[in-house]
Every structure is written in C-alpha cells, then in structure tokens.
$ cat data13.cif   # mmCIF, C-alpha atoms
data_start
loop_
_atom_site.label_atom_id
_atom_site.label_comp_id
_atom_site.auth_asym_id
_atom_site.auth_seq_id
_atom_site.Cartn_x
_atom_site.Cartn_y
_atom_site.Cartn_z
CA MET A 112 40.83 24.01 -20.79
CA ASN A 113 41.38 20.24 -20.43
CA ARG A 114 40.56 18.13 -17.39
CA ARG A 115 44.19 17.59 -16.42
CA LEU A 116 44.88 21.30 -16.19
CA LEU A 117 41.68 21.83 -14.22
CA TRP A 118 42.71 19.08 -11.82
CA ASP A 119 46.18 20.63 -11.41
CA ILE A 120 44.64 24.03 -10.66
CA ALA A 121 42.23 22.44 -8.19
CA LYS A 122 45.05 20.68 -6.30
CA LEU A 123 47.10 23.86 -6.14
CA ALA A 124 44.05 25.80 -4.93
CA ILE A 125 43.47 23.21 -2.20
CA VAL A 126 47.08 23.51 -1.02
CA VAL A 127 46.87 27.31 -0.94
CA GLY A 128 43.50 27.10 0.82
CA VAL A 129 44.85 24.74 3.47
CA PHE A 130 47.78 27.00 4.28
CA ALA A 131 45.54 30.08 4.33
CA ALA A 132 43.10 28.35 6.69
CA LEU A 133 45.88 27.16 8.99
CA TYR A 134 47.41 30.63 9.13
CA LYS A 135 44.06 32.29 9.77
CA ALA A 136 43.32 29.80 12.57
CA GLY A 137 46.66 30.61 14.18
CA LYS A 138 48.08 27.17 13.51
CA ILE A 139 51.14 28.56 11.71
CA ASP A 140 53.18 30.75 14.02
CA ILE A 141 55.69 32.86 12.09
CA ASP A 142 57.66 33.59 15.27
CA THR A 143 58.10 29.84 15.82
CA LEU A 144 59.41 29.41 12.28
CA ARG A 145 61.87 32.24 12.89
CA LEU A 146 63.40 30.13 15.68
CA ALA A 147 64.55 27.65 13.05
CA THR A 148 65.89 30.30 10.67
CA ALA A 149 67.97 31.63 13.55
CA ARG A 150 69.64 28.20 13.86
CA PRO A 151 71.06 27.57 10.36
CA ALA A 152 73.49 24.89 11.60
CA LEU A 153 70.61 22.71 12.79
CA VAL A 154 68.66 23.24 9.56
CA LEU A 155 71.70 22.36 7.43
CA THR A 156 72.30 19.24 9.53
CA ALA A 157 68.69 18.22 8.99
CA ALA A 158 69.08 18.82 5.24
CA PHE A 159 72.18 16.59 5.21
CA LEU A 160 70.24 13.81 6.93
CA VAL A 161 67.37 14.14 4.45
CA PHE A 162 69.91 13.90 1.64
CA THR A 163 71.38 10.76 3.26
CA ALA A 164 67.89 9.23 3.40
CA ILE A 165 67.57 9.93 -0.34
CA VAL A 166 70.84 8.05 -0.95
CA PHE A 167 69.30 5.03 0.78
CA THR A 168 66.22 5.22 -1.45
CA VAL A 169 68.47 5.27 -4.52
CA GLU A 170 70.26 2.12 -3.40
CA ARG A 171 66.90 0.50 -2.54
CA TRP A 172 65.73 1.02 -6.11
CA ARG A 173 68.98 -0.36 -7.54
CA ARG A 174 68.48 -3.55 -5.53
CA LEU A 175 64.95 -3.91 -6.89
CA LEU A 176 66.36 -3.65 -10.41
CA TRP A 177 68.46 -6.69 -9.56
CA ALA A 178 65.24 -8.67 -9.19
CA VAL A 179 64.57 -8.14 -12.92
CA ASP A 180 68.22 -8.97 -13.71
CA VAL A 181 69.24 -5.40 -14.51
CA HIS A 182 72.15 -3.34 -13.19
CA ILE A 183 72.20 0.44 -13.24
CA GLY A 184 75.05 2.58 -11.99
CA PHE A 185 74.52 4.51 -8.77
CA GLY A 186 75.11 7.82 -10.56
CA SER A 187 72.37 7.15 -13.11
CA ALA A 188 69.95 5.95 -10.42
CA PHE A 189 70.74 9.02 -8.31
CA THR A 190 70.18 11.32 -11.29
CA LEU A 191 66.77 9.85 -12.14
CA THR A 192 65.68 9.86 -8.49
CA LEU A 193 66.52 13.54 -8.05
CA ILE A 194 64.79 14.42 -11.33
CA GLY A 195 61.70 12.59 -10.07
CA MET A 196 61.85 14.52 -6.80
CA PHE A 197 62.15 17.77 -8.71
CA PHE A 198 58.93 17.07 -10.61
CA SER A 199 57.16 15.85 -7.47
CA HIS A 200 57.98 18.88 -5.35
CA ALA A 201 58.73 21.81 -7.63
CA LEU A 202 56.08 21.38 -10.33
CA PRO A 203 52.57 21.21 -8.85
CA GLY A 204 51.08 19.38 -11.81
CA SER A 205 49.71 15.98 -12.63
CA VAL A 206 53.04 14.76 -14.00
CA GLY A 207 54.25 12.82 -10.98
CA GLY A 208 57.91 12.32 -10.22
CA ASP A 209 57.60 8.54 -10.52
CA ILE A 210 56.16 8.89 -14.03
CA VAL A 211 59.08 11.07 -15.13
CA LYS A 212 61.55 8.71 -13.47
CA ALA A 213 60.01 5.68 -15.20
CA TYR A 214 59.96 7.52 -18.54
CA TYR A 215 63.66 8.31 -18.52
CA LEU A 216 64.55 4.82 -17.25
CA ALA A 217 62.51 2.96 -19.89
CA LYS A 218 63.38 5.34 -22.75
CA GLY A 219 64.96 3.37 -25.56
CA GLN A 220 64.96 0.10 -23.59
CA SER A 221 63.44 -3.22 -24.65
CA GLN A 222 62.25 -4.46 -21.22
CA ARG A 223 60.08 -1.43 -20.48
CA ALA A 224 57.39 -3.19 -18.44
CA ALA A 225 59.95 -4.71 -16.07
CA LEU A 226 61.73 -1.38 -15.59
CA VAL A 227 58.49 0.52 -14.95
CA ALA A 228 57.48 -2.22 -12.48
CA THR A 229 60.61 -1.50 -10.40
CA VAL A 230 59.61 2.17 -10.10
CA VAL A 231 56.08 1.25 -9.02
CA PHE A 232 57.27 -1.42 -6.59
CA ASP A 233 59.92 0.95 -5.20
CA ARG A 234 57.22 3.47 -4.30
CA LEU A 235 55.05 0.75 -2.74
CA LEU A 236 58.02 -0.61 -0.79
CA GLY A 237 58.77 2.88 0.52
CA LEU A 238 55.14 3.23 1.62
CA TYR A 239 55.22 -0.22 3.23
CA THR A 240 58.37 0.75 5.14
CA MET A 241 56.57 3.79 6.55
CA ILE A 242 53.65 1.59 7.61
CA LEU A 243 56.05 -0.95 9.14
CA MET A 244 57.88 1.76 11.10
CA ALA A 245 54.60 3.23 12.34
CA THR A 246 53.43 -0.26 13.36
CA LEU A 247 56.63 -0.97 15.29
CA ALA A 248 56.40 2.45 16.92
CA GLY A 249 52.79 1.77 17.90
CA ALA A 250 53.85 -1.56 19.44
CA VAL A 251 56.59 0.21 21.41
CA VAL A 252 54.12 2.80 22.73
CA TRP A 253 51.60 0.10 23.61
CA ALA A 254 54.29 -1.90 25.45
CA TYR A 255 55.47 1.25 27.23
CA VAL A 256 51.97 1.91 28.55
CA TRP A 257 51.44 -1.75 29.45
CA PHE A 258 54.65 -2.14 31.47
CA SER A 259 54.41 1.29 33.11
CA GLY A 260 51.50 -0.01 35.20
CA TYR A 261 49.22 2.96 34.62
CA PRO A 262 48.09 4.85 31.52
CA PRO A 263 49.69 8.28 31.07
CA GLN A 264 47.57 11.35 30.46
CA TRP A 265 48.13 11.28 26.70
CA TRP A 266 46.88 7.66 26.39
CA SER A 267 43.52 8.78 25.04
CA GLY A 268 40.93 7.03 22.90
CA GLY A 269 42.20 8.96 19.89
CA VAL A 270 45.77 7.68 20.33
CA GLN A 271 44.57 4.11 20.80
CA ALA A 272 42.32 4.35 17.73
CA LEU A 273 45.23 5.69 15.66
CA ILE A 274 47.47 2.79 16.75
CA GLY A 275 44.68 0.33 15.93
CA PHE A 276 44.28 1.86 12.47
CA VAL A 277 48.02 1.59 11.80
CA PHE A 278 47.99 -2.07 12.88
CA ALA A 279 45.04 -2.76 10.55
CA LEU A 280 46.78 -0.95 7.67
CA PHE A 281 49.94 -2.98 8.20
CA THR A 282 47.96 -6.24 8.18
CA ALA A 283 46.10 -5.26 5.02
CA PHE A 284 49.27 -4.26 3.15
CA THR A 285 51.16 -7.37 4.27
CA VAL A 286 48.42 -9.80 3.29
CA GLY A 287 47.60 -7.90 0.09
CA GLY A 288 51.25 -7.75 -0.95
CA ALA A 289 51.75 -11.45 -0.32
CA LEU A 290 48.70 -12.30 -2.40
CA PHE A 291 49.71 -9.88 -5.15
CA MET A 292 53.11 -11.51 -5.61
CA SER A 293 51.80 -15.05 -5.19
CA ASP A 294 52.14 -17.23 -8.27
CA SER A 295 49.04 -19.22 -7.37
CA MET A 296 47.01 -16.03 -6.91
CA SER A 297 47.94 -14.87 -10.42
CA ARG A 298 46.26 -17.94 -11.87
CA THR A 299 42.95 -17.51 -10.06
CA ARG A 300 39.78 -16.53 -11.87
CA PHE A 301 39.51 -13.41 -9.69
CA MET A 302 42.91 -12.03 -10.76
CA LYS A 303 42.25 -12.85 -14.40
CA LYS A 304 39.00 -10.91 -14.14
CA VAL A 305 40.83 -7.96 -12.56
CA MET A 306 43.34 -7.94 -15.42
CA GLU A 307 40.51 -8.00 -17.95
CA MET A 308 38.90 -4.95 -16.34
CA ALA A 309 42.16 -3.03 -15.83
CA PRO A 310 42.79 0.09 -17.94
CA PHE A 311 45.49 -0.28 -20.61
CA ARG A 312 45.08 -4.04 -20.20
CA GLU A 313 48.10 -5.17 -22.21
CA LYS A 314 50.54 -2.81 -20.48
CA THR A 315 49.01 -3.51 -17.06
CA GLU A 316 49.41 -7.26 -17.55
CA LYS A 317 53.06 -6.82 -18.54
CA ILE A 318 53.79 -4.65 -15.49
CA TYR A 319 51.96 -7.09 -13.19
CA SER A 320 53.88 -10.02 -14.65
CA ALA A 321 57.15 -8.15 -14.10
CA ALA A 322 56.19 -7.14 -10.55
CA ARG A 323 55.64 -10.78 -9.60
CA LYS A 324 59.35 -11.38 -10.15
CA PHE A 325 59.96 -9.71 -6.79
CA GLY A 326 58.07 -12.58 -5.20
CA ASP A 327 60.31 -15.04 -7.05
CA ASN A 328 63.41 -13.29 -5.68
CA PRO A 329 62.60 -12.62 -1.99
CA ALA A 330 66.27 -12.15 -1.01
CA VAL A 331 66.55 -9.04 -3.16
CA ALA A 332 63.15 -7.75 -2.03
CA PHE A 333 63.99 -8.19 1.67
CA THR A 334 67.41 -6.58 1.17
CA ALA A 335 65.69 -3.58 -0.41
CA LEU A 336 63.26 -3.48 2.52
CA GLY A 337 66.17 -3.50 4.97
CA ILE A 338 67.86 -0.63 3.15
CA SER A 339 64.60 1.30 3.18
CA PHE A 340 64.15 0.57 6.89
CA PHE A 341 67.53 1.97 7.89
CA GLY A 342 67.14 4.94 5.56
CA GLN A 343 64.04 5.97 7.47
CA PHE A 344 66.10 6.56 10.61
CA PHE A 345 68.04 9.35 8.89
CA LEU A 346 64.74 10.96 7.93
CA TYR A 347 63.47 10.73 11.51
CA GLY A 348 66.76 12.16 12.73
CA ALA A 349 66.32 15.12 10.40
CA ILE A 350 62.83 15.80 11.77
CA TRP A 351 64.11 15.42 15.34
CA ILE A 352 66.75 18.10 14.66
CA LEU A 353 64.16 20.39 13.08
CA ALA A 354 62.04 19.90 16.19
CA MET A 355 65.04 21.01 18.26
CA ALA A 356 65.42 24.07 16.05
CA LEU A 357 61.77 24.95 16.71
CA GLU A 358 62.25 24.31 20.46
CA LEU A 359 59.66 21.54 20.26
CA ASN A 360 61.01 19.53 23.17
CA GLU A 361 57.87 18.48 25.03
CA LEU A 362 57.63 15.01 23.43
CA THR A 363 59.12 12.07 25.29
CA VAL A 364 61.20 9.55 23.33
CA PRO A 365 58.39 6.91 23.16
CA GLN A 366 55.96 9.58 21.97
CA PHE A 367 58.37 10.85 19.34
CA LEU A 368 59.07 7.32 18.09
CA PHE A 369 55.37 6.93 17.39
CA VAL A 370 54.42 10.44 16.29
CA ILE A 371 57.02 10.94 13.57
CA PRO A 372 56.50 7.65 11.66
CA VAL A 373 52.73 8.25 11.69
CA CYS A 374 53.18 11.85 10.53
CA ILE A 375 55.49 10.76 7.69
CA LEU A 376 52.94 8.13 6.69
CA ILE A 377 50.17 10.74 6.51
CA ASN A 378 52.48 13.05 4.56
CA ALA A 379 52.85 10.30 1.93
CA ILE A 380 49.15 10.47 1.00
CA PRO A 381 49.27 11.55 -2.68
CA ALA A 382 46.60 14.23 -2.42
CA ALA A 383 48.92 17.18 -3.06
CA PRO A 384 52.41 17.78 -4.51
CA GLY A 385 55.07 16.60 -2.05
CA GLY A 386 52.49 16.20 0.71
CA LEU A 387 52.03 19.97 1.01
CA GLY A 388 49.01 20.81 3.11
CA VAL A 389 48.31 17.15 3.86
CA GLY A 390 51.48 16.90 5.94
CA GLU A 391 50.71 20.12 7.81
CA ILE A 392 47.22 18.88 8.73
CA GLY A 393 48.57 15.44 9.66
CA PHE A 394 51.46 16.69 11.78
CA GLY A 395 49.20 19.17 13.55
CA ALA A 396 46.46 16.60 14.26
CA VAL A 397 48.80 13.88 15.54
CA PHE A 398 50.75 16.28 17.77
CA ALA A 399 47.44 17.61 19.11
CA LEU A 400 46.47 14.08 20.20
CA PHE A 401 49.36 14.26 22.65
CA GLY A 402 48.44 17.78 23.73
CA TYR A 403 51.28 19.57 21.96
CA GLY A 404 51.43 22.33 19.38
CA LYS A 405 54.02 23.25 16.74
CA GLY A 406 53.25 20.15 14.68
CA VAL A 407 52.18 22.31 11.75
CA GLU A 408 55.34 24.40 11.96
CA LEU A 409 57.46 21.24 12.05
CA ALA A 410 55.78 20.02 8.83
CA VAL A 411 56.41 23.41 7.20
CA MET A 412 60.12 23.21 8.03
CA TYR A 413 60.34 19.59 6.84
CA HIS A 414 58.71 20.53 3.53
CA ALA A 415 60.93 23.59 3.20
CA VAL A 416 64.06 21.45 3.54
CA SER A 417 62.75 18.75 1.16
CA ILE A 418 61.68 21.26 -1.48
CA ALA A 419 64.97 23.13 -1.21
CA ILE A 420 66.88 19.91 -1.95
CA SER A 421 64.52 19.02 -4.80
CA VAL A 422 64.73 22.44 -6.44
CA ALA A 423 68.36 23.27 -5.76
CA LEU A 424 69.83 19.85 -6.49
CA GLY A 425 67.15 18.06 -8.50
CA GLY A 426 66.47 21.12 -10.63
CA VAL A 427 70.11 21.59 -11.53
CA ILE A 428 70.50 17.89 -12.35
CA TYR A 429 67.38 18.00 -14.53
CA LEU A 430 68.62 21.06 -16.45
CA VAL A 431 71.99 19.42 -17.10
CA TYR A 432 70.40 16.09 -18.02
CA SER A 433 67.83 17.62 -20.37
CA SER A 434 70.45 19.90 -21.98
CA ARG A 435 72.29 16.74 -23.00
CA GLY A 436 69.17 15.44 -24.70
CA GLY A 437 67.94 13.25 -21.85
CA GLY A 438 69.50 10.21 -23.45
CA THR A 439 68.94 6.59 -22.60
CA VAL A 440 70.29 5.16 -19.35
CA THR A 441 73.03 2.56 -19.60
CA LEU A 442 71.69 -0.76 -18.34
CA LYS A 443 73.55 -4.05 -18.02
CA ARG A 444 72.40 -7.58 -17.41
CA LEU A 445 73.63 -8.83 -14.05
CA GLU A 446 75.17 -11.95 -15.51
CA ASP A 447 77.50 -9.66 -17.48
CA GLU A 448 78.66 -7.95 -14.29
CA ARG A 449 81.67 -9.69 -12.79
CA GLY A 450 81.66 -9.89 -9.04
CA GLU A 451 78.30 -8.17 -8.65
CA GLY A 452 74.93 -9.71 -8.10
CA PRO A 453 72.16 -10.15 -5.58
CA ALA A 454 73.50 -10.71 -2.10
#
$ encode --input "data13.cif" --output "structure tokens"
Amino acid sequence: MNRRLLWDIAKLAIVVGVFAALYKAGKIDIDTLRLATARPALVLTAAFLVFTAIVFTVERWRRLLWAVDVHIGFGSAFTLTLIGMFFSHALPGSVGGDIVKAYYLAKGQSQRAALVATVVFDRLLGLYTMILMATLAGAVVWAYVWFSGYPPQWWSGGVQALIGFVFALFTAFTVGGALFMSDSMSRTRFMKKVMEMAPFREKTEKIYSAARKFGDNPAVAFTALGISFFGQFFLYGAIWILAMALELNELTVPQFLFVIPVCILINAIPAAPGGLGVGEIGFGAVFALFGYGKGVELAVMYHAVSIAISVALGGVIYLVYSSRGGGTVTLKRLEDERGEGPA
C-alpha cells in the first residue's frame, strides 16, 4: 500500500471521526437539519446562489488567463471548473480538483507553465478574497462597537483575538503577494536560493516566472479580484438563506457580516476534501464565540448543497467530457481576438 493511498485513507478517517465526534457530543442536531429539508424552496434558492458564485469564479479565471495573453471560451472554462469541483468534493483522494483542472487545461498546449500558473494564482486570489472580506467584516464589527459607545455582550476576548488574527493574515498575504510578484524581488539572492531549493526546480521556476506576469498586468489582476469580490456576496447570500431554513435568526447583521466570511475562510483550509469536517468545526467554534448554536448544522447544509452541485452537475459534465476523450481545450491568443481584450 503506497503512501498516497495511506494518506487518502487517513484524511477520510479524520473526516468520519470528526463527524462522529460532533454527533456524539450533540453538536449535530438531526431535528434542526430536518427544518431545512422541510423548506425545499429555500434550499433550492441557496443552491442557485452557490451556482451563481461559481459562475463568477469561472469568469475570474478567464480574466487571469488574459494576463498570460490567452483567451478561453466561457463554456470550456465552466466545464473545467466543474470537473475540478467534482474531483475536489466527490472523490476524497489526493488528486485535487485544481490539479485535474490544470491537467486538462495544459493538455496538448505549448505554454503549459503559464496555464498552470493561472490555476494556482486563481486559487490564491480566491483565498485572498476570502481574507479581504473577513478583514473588511472585522473592520465593520470593530467600528460598530466603537461608535455604539459601549461593548456588547458578545464583544469578548475571543472575538477580538479572532479579528486581530484576520487583520494579521490580511497584512501577511498582502505584503507577501506584493513581494512575490515584484520584479526586483525575483532578482534577489534570497529568491534565487528559494528557487534552487524548490522541488521540481525547472517546472517551479517556469510557473513562478509565469505567475509574475500578473504583477506586470495589474489591471487584469484587479479586475479578477473585483469579480471574485462580488461573487462572494452570492455565496454569503446562499448561507444566509440556509440559516433562515434552519431558523438560525439570532445573529444581528453586523455579527453575520463578520461570522460568515470568517467561517468560509476556515472552510477553505485544505485539510480535508471540500472542507468537510474542518468547516463544521470552524462554523461551530465561530458561532459559539457569539453565544449561538447551529453553526455546525449550517456548515453541514452548506456542504450538502455544494457537494450536490459538484456531483450532480460536475459529475455529469466529467462523464460527458471524458467519454469524448477529454480532448485539448481550444485556446486563442488575445491579439487574434477582435474586439476582446483586457479591460
């Protein structure tokens, strides 16, 4: 039995163990989940909003491809994104969705490093958007407490520490990203040493060189960030509706604006397939800071909707795509596209 299979089994065992522990501790209330199943209209609305958020991520990736002077049709980008989601959520193995997405994109292409770099940078940009949203939400909560004149009951040391951690994370990612894409930084002795020590040195250097193109084309990068930013609101709307379906209505608007971005950020930690288990622990812990329950159940419903879309839609797309041989994706240079280019 190889190490990869052992690692896959270990991750799956951890996910199962987390859910078993949460259920045994009474953190997963089946009766609460039944409230959502009794409101199919709300669940379907939430699923539609999650799907809309996915559409925004597809367009975000297409804009990043512009930075490397490549155009891909929306249909092809949508297909590869859903296939990646299918592998991320439905198959609890070490083959990540981004790897599959990058494989099909770069298959048969000459500029493989640049194409793979867009997939990597797209994931990092999505993560940065989550951190940015959580930071803005933390600033809103902090301003709300400041201007209210007195700290509310939920303004505990734990909440303040969490906001401080998010601020620190945002600062680290912003500074680190700026340095990473800096042309002067790439010529320093430190970065050259890092490249020498990196695994798969030649491929890593090519991907790094391609990734730096985003720094040379900030208009495209900031447009992609804006698309990602607005797409997040549809995701938050979906979770808000799921919270309504679970009758989780204790949170005030300022609390919700902070809690959900932080929970989504925790859910993005790549410790388990699709954030399973990690999201449940994160949602439950953050909601508990404000003195409320049902955070775990909300994460369960969010994962149920996400996995349903990945399996039902992504799975079908993958079967159709693979049955046709999984051919190469049609790419065009932007200069060959009349009337289309970076805005």
$ atom_distance --input "data13.cif" --atom1 "atom CA of A:Glu408" --atom2 "atom CA of A:Lys138"
7.9 Å
$ atom_distance --input "data13.cif" --atom1 "atom CA of A:Asp180" --atom2 "atom CA of A:Arg323"
13.4 Å
$ resolve_selection --input "data13.cif" --expression "the PyMOL selection byres ((chain A and resi 273) around 12)" --output "PDB file with C-alpha atoms, in the frame of the given file"
ATOM      1  CA  ALA A 245      54.600   3.230  12.340  1.00  0.00           C
ATOM      2  CA  THR A 246      53.430  -0.260  13.360  1.00  0.00           C
ATOM      3  CA  ALA A 248      56.400   2.450  16.920  1.00  0.00           C
ATOM      4  CA  GLY A 249      52.790   1.770  17.900  1.00  0.00           C
ATOM      5  CA  ALA A 250      53.850  -1.560  19.440  1.00  0.00           C
ATOM      6  CA  VAL A 252      54.120   2.800  22.730  1.00  0.00           C
ATOM      7  CA  TRP A 253      51.600   0.100  23.610  1.00  0.00           C
ATOM      8  CA  TRP A 266      46.880   7.660  26.390  1.00  0.00           C
ATOM      9  CA  SER A 267      43.520   8.780  25.040  1.00  0.00           C
ATOM     10  CA  GLY A 268      40.930   7.030  22.900  1.00  0.00           C
ATOM     11  CA  GLY A 269      42.200   8.960  19.890  1.00  0.00           C
ATOM     12  CA  VAL A 270      45.770   7.680  20.330  1.00  0.00           C
ATOM     13  CA  GLN A 271      44.570   4.110  20.800  1.00  0.00           C
ATOM     14  CA  ALA A 272      42.320   4.350  17.730  1.00  0.00           C
ATOM     15  CA  ILE A 274      47.470   2.790  16.750  1.00  0.00           C
ATOM     16  CA  GLY A 275      44.680   0.330  15.930  1.00  0.00           C
ATOM     17  CA  PHE A 276      44.280   1.860  12.470  1.00  0.00           C
ATOM     18  CA  VAL A 277      48.020   1.590  11.800  1.00  0.00           C
ATOM     19  CA  PHE A 278      47.990  -2.070  12.880  1.00  0.00           C
ATOM     20  CA  ALA A 279      45.040  -2.760  10.550  1.00  0.00           C
ATOM     21  CA  LEU A 280      46.780  -0.950   7.670  1.00  0.00           C
ATOM     22  CA  PHE A 369      55.370   6.930  17.390  1.00  0.00           C
ATOM     23  CA  VAL A 370      54.420  10.440  16.290  1.00  0.00           C
ATOM     24  CA  VAL A 373      52.730   8.250  11.690  1.00  0.00           C
ATOM     25  CA  CYS A 374      53.180  11.850  10.530  1.00  0.00           C
ATOM     26  CA  ILE A 377      50.170  10.740   6.510  1.00  0.00           C
ATOM     27  CA  GLY A 393      48.570  15.440   9.660  1.00  0.00           C
ATOM     28  CA  ALA A 396      46.460  16.600  14.260  1.00  0.00           C
ATOM     29  CA  VAL A 397      48.800  13.880  15.540  1.00  0.00           C
ATOM     30  CA  LEU A 400      46.470  14.080  20.200  1.00  0.00           C
ATOM     31  CA  PHE A 401      49.360  14.260  22.650  1.00  0.00           C
TER      32      PHE A 401
END
$ closest_residue --input "data13.cif" --among "A:Ile352, A:Val251, A:Leu243, A:Ala121" --to "A:Ala283" --atoms "only C-alpha atoms"
A:Leu243
$ residues_around --input "data13.cif" --residues "A:Ile125" --least-positions-apart "3" --cutoff "10 Å" --atoms "only C-alpha atoms" --output "list in words"
Asp119, Ile120, Ala121, Lys122, Gly128, Val129, Phe130, Ala131, Ala382, Ala383, Leu387, Gly388 and Val389 of chain A
$ residues_around --input "data13.cif" --residues "A:Met412" --least-positions-apart "3" --cutoff "8 Å" --atoms "all atoms listed in the file" --output "VMD selection string"
chain A and resid 144 353 408 to 409 415 to 416
$ atom_distance --input "data13.cif" --atom1 "atom CA of A:Gly404" --atom2 "atom CA of A:Gly342"
27.2 Å
$ residues_around --input "data13.cif" --residues "A:Gly287" --least-positions-apart "6" --cutoff "12 Å" --atoms "only C-alpha atoms" --output "list in words"
Leu235, Tyr239, Ala279, Leu280, Phe281, Ser293 and Met296 of chain A
$ write_last_selection --input "data13.cif" --atoms "C-alpha atoms" --output "tab-separated table (two decimals), in the frame of the given file"
chain	number	residue	atom	x	y	z
A	235	LEU	CA	55.05	0.75	-2.74
A	239	TYR	CA	55.22	-0.22	3.23
A	279	ALA	CA	45.04	-2.76	10.55
A	280	LEU	CA	46.78	-0.95	7.67
A	281	PHE	CA	49.94	-2.98	8.20
A	293	SER	CA	51.80	-15.05	-5.19
A	296	MET	CA	47.01	-16.03	-6.91
$ closest_residue --input "data13.cif" --among "A:Trp351, A:Thr334, A:Thr363, A:Arg223" --to "A:Pro263" --atoms "all atoms listed in the file"
A:Thr363
$ closest_residue --input "data13.cif" --among "A:Leu430, A:Leu359, A:Ile350, A:Ala379" --to "A:Ala158" --atoms "only C-alpha atoms"
A:Ile350
$ closest_residue --input "data13.cif" --among "A:Met241, A:Ala228, A:Leu236, A:Val127" --to "A:Ile318" --atoms "only C-alpha atoms"
A:Ala228
$ residues_around --input "data13.cif" --residues "stretch 151-157 of chain A" --least-positions-apart "4" --cutoff "12 Å" --atoms "all atoms listed in the file" --output "PyMOL selection string"
chain A and resi 144-147+161-164+345-358+409+412-417+419-420
$ build_atoms --input "data13.cif" --residues "stretch 373-386 of chain A" --atoms "N, CA and C atoms" --output "PDB file, in the frame of the given file"
ATOM      1  N   VAL A 373      54.126   8.066  12.088  1.00  0.00           N
ATOM      2  CA  VAL A 373      52.730   8.250  11.690  1.00  0.00           C
ATOM      3  C   VAL A 373      52.582   9.521  10.854  1.00  0.00           C
ATOM      4  N   CYS A 374      53.255  10.584  11.272  1.00  0.00           N
ATOM      5  CA  CYS A 374      53.180  11.850  10.530  1.00  0.00           C
ATOM      6  C   CYS A 374      53.763  11.691   9.119  1.00  0.00           C
ATOM      7  N   ILE A 375      54.886  10.987   8.999  1.00  0.00           N
ATOM      8  CA  ILE A 375      55.490  10.760   7.690  1.00  0.00           C
ATOM      9  C   ILE A 375      54.568   9.919   6.815  1.00  0.00           C
ATOM     10  N   LEU A 376      53.890   8.968   7.426  1.00  0.00           N
ATOM     11  CA  LEU A 376      52.940   8.130   6.690  1.00  0.00           C
ATOM     12  C   LEU A 376      51.790   8.966   6.141  1.00  0.00           C
ATOM     13  N   ILE A 377      51.255   9.853   6.958  1.00  0.00           N
ATOM     14  CA  ILE A 377      50.170  10.740   6.510  1.00  0.00           C
ATOM     15  C   ILE A 377      50.675  11.666   5.404  1.00  0.00           C
ATOM     16  N   ASN A 378      51.894  12.151   5.560  1.00  0.00           N
ATOM     17  CA  ASN A 378      52.480  13.050   4.560  1.00  0.00           C
ATOM     18  C   ASN A 378      52.611  12.383   3.199  1.00  0.00           C
ATOM     19  N   ALA A 379      52.685  11.040   3.183  1.00  0.00           N
ATOM     20  CA  ALA A 379      52.850  10.300   1.930  1.00  0.00           C
ATOM     21  C   ALA A 379      51.551  10.157   1.149  1.00  0.00           C
ATOM     22  N   ILE A 380      50.419  10.563   1.722  1.00  0.00           N
ATOM     23  CA  ILE A 380      49.150  10.470   1.000  1.00  0.00           C
ATOM     24  C   ILE A 380      49.234  11.366  -0.238  1.00  0.00           C
ATOM     25  N   PRO A 381      49.050  10.795  -1.438  1.00  0.00           N
ATOM     26  CA  PRO A 381      49.270  11.550  -2.680  1.00  0.00           C
ATOM     27  C   PRO A 381      48.105  12.460  -3.063  1.00  0.00           C
ATOM     28  N   ALA A 382      47.720  13.323  -2.139  1.00  0.00           N
ATOM     29  CA  ALA A 382      46.600  14.230  -2.420  1.00  0.00           C
ATOM     30  C   ALA A 382      47.084  15.603  -2.871  1.00  0.00           C
ATOM     31  N   ALA A 383      48.366  15.878  -2.681  1.00  0.00           N
ATOM     32  CA  ALA A 383      48.920  17.180  -3.060  1.00  0.00           C
ATOM     33  C   ALA A 383      50.404  16.994  -3.365  1.00  0.00           C
ATOM     34  N   PRO A 384      50.993  17.900  -4.151  1.00  0.00           N
ATOM     35  CA  PRO A 384      52.410  17.780  -4.510  1.00  0.00           C
ATOM     36  C   PRO A 384      53.307  17.760  -3.277  1.00  0.00           C
ATOM     37  N   GLY A 385      54.117  16.683  -3.150  1.00  0.00           N
ATOM     38  CA  GLY A 385      55.070  16.600  -2.050  1.00  0.00           C
ATOM     39  C   GLY A 385      54.449  16.532  -0.681  1.00  0.00           C
ATOM     40  N   GLY A 386      53.148  16.257  -0.597  1.00  0.00           N
ATOM     41  CA  GLY A 386      52.490  16.200   0.710  1.00  0.00           C
ATOM     42  C   GLY A 386      52.168  17.558   1.299  1.00  0.00           C
TER      43      GLY A 386
END
